[in-house]
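Novice: Submitted below is the structure of interest, expressed as structure tokens.
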Amino acid sequence: MKPNAPNELNLVNSARLRAIRDQQSQNTVQAAKSVARQPENSDLCIAQALIDSALDELLSQLPEGKQRSLFKIRFGVDPAELKQGSILEALKLLKLSQQSLTNPQALAELNYNGDRI
């Protein structure tokens, strides 16, 4: 076979594939920079894990199709709204211990995603 046959694709010199590769490399570099900018907050990760596990456990005990509405009746807040409020309020509402957190007061002004309220 000839390397430059008309029915063969030359993937090495393809401008479209080069553009895709460049875009992917830029995305990975930007993602690495954004992760490097955000300081790792272990308390936030621990609190998120506690809240997720408690929500999963509570919702699994409720009948399917009515989980969110029964959760809202029982706790007075929708599970999605629970994550928009303060992490400490969510921990208190779900009756979770704060002993695993090193500095729980630092999380008082943060929501589930780590954004300031």
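Numbering starts fresh at 1 for the residues of each chain in the structure tokens, the chains themselves are lettered A, B, ... in the order given, and ligands are numbered from 1 as they appear.
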I want to know what sits within 9 Å of A:Gln105, based on only C-alpha atoms, with residues of the same chain fewer than 3 positions away left out; could you give that as a list in words?

Specialist: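 Residues near the query, excluding close chain neighbours: Leu88, Ala108 and Glu109 of chain A.
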
Novice: Would you save the residues of that selection, restricted to N, CA, C and O atoms, as a compact mmCIF listing (two decimals), in the first residue's frame?

Specialist:
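What ended up in part-v2.txt:
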```
# COMPACT_ATOMS: atom_id res chain seq x y z
N LEU A 88 -23.50 23.47 58.67
CA LEU A 88 -23.78 23.18 60.08
C LEU A 88 -25.28 23.00 60.32
O LEU A 88 -25.68 22.13 61.10
N ALA A 108 -19.47 27.27 59.00
CA ALA A 108 -20.75 27.89 59.33
C ALA A 108 -21.27 28.78 58.20
O ALA A 108 -22.48 28.89 58.00
N GLU A 109 -20.38 29.39 57.44
CA GLU A 109 -20.79 30.31 56.39
C GLU A 109 -20.73 29.68 55.00
O GLU A 109 -20.89 30.37 54.01
```

Novice: Which residues are close to A:Lys92, i.e. within 12 Å by only C-alpha atoms, leaving aside same-chain residues fewer than 5 positions away? Reply as a list of chain:residue names.

Specialist: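 Here the qualifying residues turn out to be A:Ala47, A:Leu50, A:Ile51, A:Ala54, A:Phe75, A:Leu82, A:Gly85, A:Ser86, A:Ile87, A:Ser97, A:Gln98, A:Pro104, A:Ala108.
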
Novice: Write a file of the just-selected residues containing N, CA and C atoms, as a PDB file, in the first residue's frame.

Specialist:
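Result went into result.pdb, see below:
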```pdb
ATOM      1  N   ALA A  47     -17.706  16.729  55.706  1.00  0.00           N
ATOM      2  CA  ALA A  47     -19.099  17.129  55.912  1.00  0.00           C
ATOM      3  C   ALA A  47     -19.967  16.723  54.719  1.00  0.00           C
ATOM      4  N   LEU A  50     -20.624  13.023  54.996  1.00  0.00           N
ATOM      5  CA  LEU A  50     -21.598  12.738  56.052  1.00  0.00           C
ATOM      6  C   LEU A  50     -23.017  13.045  55.585  1.00  0.00           C
ATOM      7  N   ILE A  51     -23.190  14.195  54.959  1.00  0.00           N
ATOM      8  CA  ILE A  51     -24.518  14.604  54.499  1.00  0.00           C
ATOM      9  C   ILE A  51     -25.012  13.668  53.405  1.00  0.00           C
ATOM     10  N   ALA A  54     -26.019  10.274  54.909  1.00  0.00           N
ATOM     11  CA  ALA A  54     -27.257  10.384  55.685  1.00  0.00           C
ATOM     12  C   ALA A  54     -28.464  10.557  54.764  1.00  0.00           C
ATOM     13  N   PHE A  75     -38.699  16.662  57.503  1.00  0.00           N
ATOM     14  CA  PHE A  75     -37.626  17.565  57.919  1.00  0.00           C
ATOM     15  C   PHE A  75     -37.899  19.032  57.622  1.00  0.00           C
ATOM     16  N   LEU A  82     -31.694  21.625  51.163  1.00  0.00           N
ATOM     17  CA  LEU A  82     -30.837  21.346  52.311  1.00  0.00           C
ATOM     18  C   LEU A  82     -29.383  21.649  51.973  1.00  0.00           C
ATOM     19  N   GLY A  85     -28.333  25.534  52.017  1.00  0.00           N
ATOM     20  CA  GLY A  85     -28.152  26.210  53.295  1.00  0.00           C
ATOM     21  C   GLY A  85     -26.788  25.922  53.887  1.00  0.00           C
ATOM     22  N   SER A  86     -26.591  26.367  55.100  1.00  0.00           N
ATOM     23  CA  SER A  86     -25.326  26.176  55.799  1.00  0.00           C
ATOM     24  C   SER A  86     -25.076  24.697  56.085  1.00  0.00           C
ATOM     25  N   ILE A  87     -23.817  24.311  56.030  1.00  0.00           N
ATOM     26  CA  ILE A  87     -23.452  22.919  56.302  1.00  0.00           C
ATOM     27  C   ILE A  87     -23.774  22.565  57.749  1.00  0.00           C
ATOM     28  N   SER A  97     -23.190  14.010  63.931  1.00  0.00           N
ATOM     29  CA  SER A  97     -22.159  14.472  64.849  1.00  0.00           C
ATOM     30  C   SER A  97     -21.141  15.335  64.115  1.00  0.00           C
ATOM     31  N   GLN A  98     -20.683  16.371  64.774  1.00  0.00           N
ATOM     32  CA  GLN A  98     -19.665  17.255  64.224  1.00  0.00           C
ATOM     33  C   GLN A  98     -18.279  16.936  64.785  1.00  0.00           C
ATOM     34  N   PRO A 104     -15.442  23.036  62.922  1.00  0.00           N
ATOM     35  CA  PRO A 104     -16.795  23.150  62.366  1.00  0.00           C
ATOM     36  C   PRO A 104     -17.263  24.595  62.181  1.00  0.00           C
ATOM     37  N   ALA A 108     -19.473  27.265  59.001  1.00  0.00           N
ATOM     38  CA  ALA A 108     -20.754  27.887  59.330  1.00  0.00           C
ATOM     39  C   ALA A 108     -21.269  28.776  58.200  1.00  0.00           C
TER      40      ALA A 108
END
```

Novice: Set the distance at 12 Å and use only C-alpha atoms: which residues neighbour A:Ala106 once local chain neighbours fewer than 4 positions away are removed? I'd like the list as a ChimeraX atom specification.

Specialist: /A:41-44,47,86-88,101-102,110-111,114,116

Novice: Write the residues of the selection above to a file with all heavy atoms, as a tab-separated table (two decimals), in the first residue's frame.

Specialist:
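Contents of the output file part.tsv:
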```
chain	number	residue	atom	x	y	z
A	41	ASN	N	-10.09	21.53	51.40
A	41	ASN	CA	-10.71	21.71	52.70
A	41	ASN	C	-11.23	20.34	53.14
A	41	ASN	O	-12.30	19.91	52.72
A	41	ASN	CB	-11.84	22.74	52.60
A	41	ASN	CG	-12.32	23.15	53.95
A	41	ASN	OD1	-12.02	22.52	54.96
A	41	ASN	ND2	-13.07	24.22	54.00
A	42	SER	N	-10.45	19.69	53.98
A	42	SER	CA	-10.82	18.34	54.38
A	42	SER	C	-12.11	18.33	55.19
A	42	SER	O	-12.89	17.38	55.10
A	42	SER	CB	-9.68	17.69	55.16
A	42	SER	OG	-9.43	18.41	56.33
A	43	ASP	N	-12.35	19.37	55.99
A	43	ASP	CA	-13.59	19.44	56.75
A	43	ASP	C	-14.80	19.49	55.82
A	43	ASP	O	-15.82	18.86	56.08
A	43	ASP	CB	-13.61	20.66	57.67
A	43	ASP	CG	-12.81	20.46	58.94
A	43	ASP	OD1	-12.46	19.30	59.23
A	43	ASP	OD2	-12.54	21.45	59.63
A	44	LEU	N	-14.66	20.24	54.74
A	44	LEU	CA	-15.75	20.33	53.78
A	44	LEU	C	-16.02	18.97	53.13
A	44	LEU	O	-17.17	18.55	53.00
A	44	LEU	CB	-15.43	21.37	52.71
A	44	LEU	CG	-16.47	21.59	51.61
A	44	LEU	CD1	-17.78	22.09	52.20
A	44	LEU	CD2	-15.95	22.55	50.57
A	47	ALA	N	-17.71	16.73	55.71
A	47	ALA	CA	-19.10	17.13	55.91
A	47	ALA	C	-19.97	16.72	54.72
A	47	ALA	O	-21.09	16.25	54.90
A	47	ALA	CB	-19.18	18.63	56.14
A	86	SER	N	-26.59	26.37	55.10
A	86	SER	CA	-25.33	26.18	55.80
A	86	SER	C	-25.08	24.70	56.09
A	86	SER	O	-26.01	23.93	56.36
A	86	SER	CB	-25.35	26.95	57.12
A	86	SER	OG	-24.23	26.63	57.91
A	87	ILE	N	-23.82	24.31	56.03
A	87	ILE	CA	-23.45	22.92	56.30
A	87	ILE	C	-23.77	22.56	57.75
A	87	ILE	O	-24.28	21.48	58.03
A	87	ILE	CB	-21.96	22.68	56.00
A	87	ILE	CG1	-21.75	22.69	54.50
A	87	ILE	CG2	-21.48	21.37	56.57
A	87	ILE	CD1	-20.34	22.46	54.06
A	88	LEU	N	-23.50	23.47	58.67
A	88	LEU	CA	-23.78	23.18	60.08
A	88	LEU	C	-25.28	23.00	60.32
A	88	LEU	O	-25.68	22.13	61.10
A	88	LEU	CB	-23.23	24.29	60.97
A	88	LEU	CG	-21.70	24.37	61.06
A	88	LEU	CD1	-21.29	25.48	62.01
A	88	LEU	CD2	-21.11	23.05	61.49
A	101	LEU	N	-15.17	16.68	62.49
A	101	LEU	CA	-14.68	17.91	61.87
A	101	LEU	C	-13.68	18.58	62.81
A	101	LEU	O	-13.91	18.68	64.01
A	101	LEU	CB	-15.83	18.85	61.57
A	101	LEU	CG	-16.96	18.30	60.70
A	101	LEU	CD1	-18.08	19.32	60.60
A	101	LEU	CD2	-16.43	17.94	59.34
A	102	THR	N	-12.56	19.06	62.25
A	102	THR	CA	-11.55	19.71	63.08
A	102	THR	C	-11.96	21.13	63.45
A	102	THR	O	-11.70	21.58	64.56
A	102	THR	CB	-10.19	19.74	62.36
A	102	THR	OG1	-10.34	20.40	61.10
A	102	THR	CG2	-9.67	18.34	62.15
A	110	LEU	N	-20.51	28.38	54.94
A	110	LEU	CA	-20.38	27.70	53.64
A	110	LEU	C	-21.59	26.80	53.39
A	110	LEU	O	-22.15	26.23	54.32
A	110	LEU	CB	-19.12	26.84	53.61
A	110	LEU	CG	-17.79	27.55	53.79
A	110	LEU	CD1	-16.66	26.56	53.77
A	110	LEU	CD2	-17.58	28.61	52.73
A	111	ASN	N	-21.97	26.69	52.12
A	111	ASN	CA	-23.01	25.73	51.77
A	111	ASN	C	-22.35	24.42	51.37
A	111	ASN	O	-21.14	24.26	51.49
A	111	ASN	CB	-23.93	26.29	50.66
A	111	ASN	CG	-23.25	26.42	49.33
A	111	ASN	OD1	-22.08	26.13	49.15
A	111	ASN	ND2	-24.00	26.89	48.36
A	114	GLY	N	-19.33	24.55	49.10
A	114	GLY	CA	-18.19	25.33	49.56
A	114	GLY	C	-18.32	26.81	49.24
A	114	GLY	O	-17.38	27.57	49.47
A	116	ARG	N	-19.75	30.62	49.79
A	116	ARG	CA	-20.20	31.41	50.94
A	116	ARG	C	-21.68	31.74	50.79
A	116	ARG	O	-22.18	32.04	49.72
A	116	ARG	CB	-19.41	32.72	51.05
A	116	ARG	CG	-17.99	32.48	51.46
A	116	ARG	CD	-17.47	33.68	52.21
A	116	ARG	NE	-16.10	33.44	52.61
A	116	ARG	CZ	-15.76	32.87	53.76
A	116	ARG	NH1	-16.67	32.51	54.60
A	116	ARG	NH2	-14.50	32.69	54.06
```

Novice: Mind giving me the straight-line distance from atom CA of A:Ser69 to atom CA of A:Leu96 in Å, one decimal?

Specialist: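 Those two atoms sit 21.5 Å apart.
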
Novice: Using only C-alpha atoms for the distances, tell me which of A:Thr28, A:Ser53, A:Gln67, A:Gln61 is nearest to A:Leu94.

Specialist: A:Ser53

Novice: Which residue out of A:Ala15, A:Leu107, A:Leu59, A:Ile73 has the minimum interatomic distance to A:Glu89 when only C-alpha atoms are used?

Specialist: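 That would be A:Leu107, the residue with the smallest distance to A:Glu89.
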
Novice: How far is it from atom CA of A:Gly65 to atom CA of A:Asn113, in Å with one decimal?

Specialist: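 Going from atom CA of A:Gly65 over to atom CA of A:Asn113 covers 26.2 Å.
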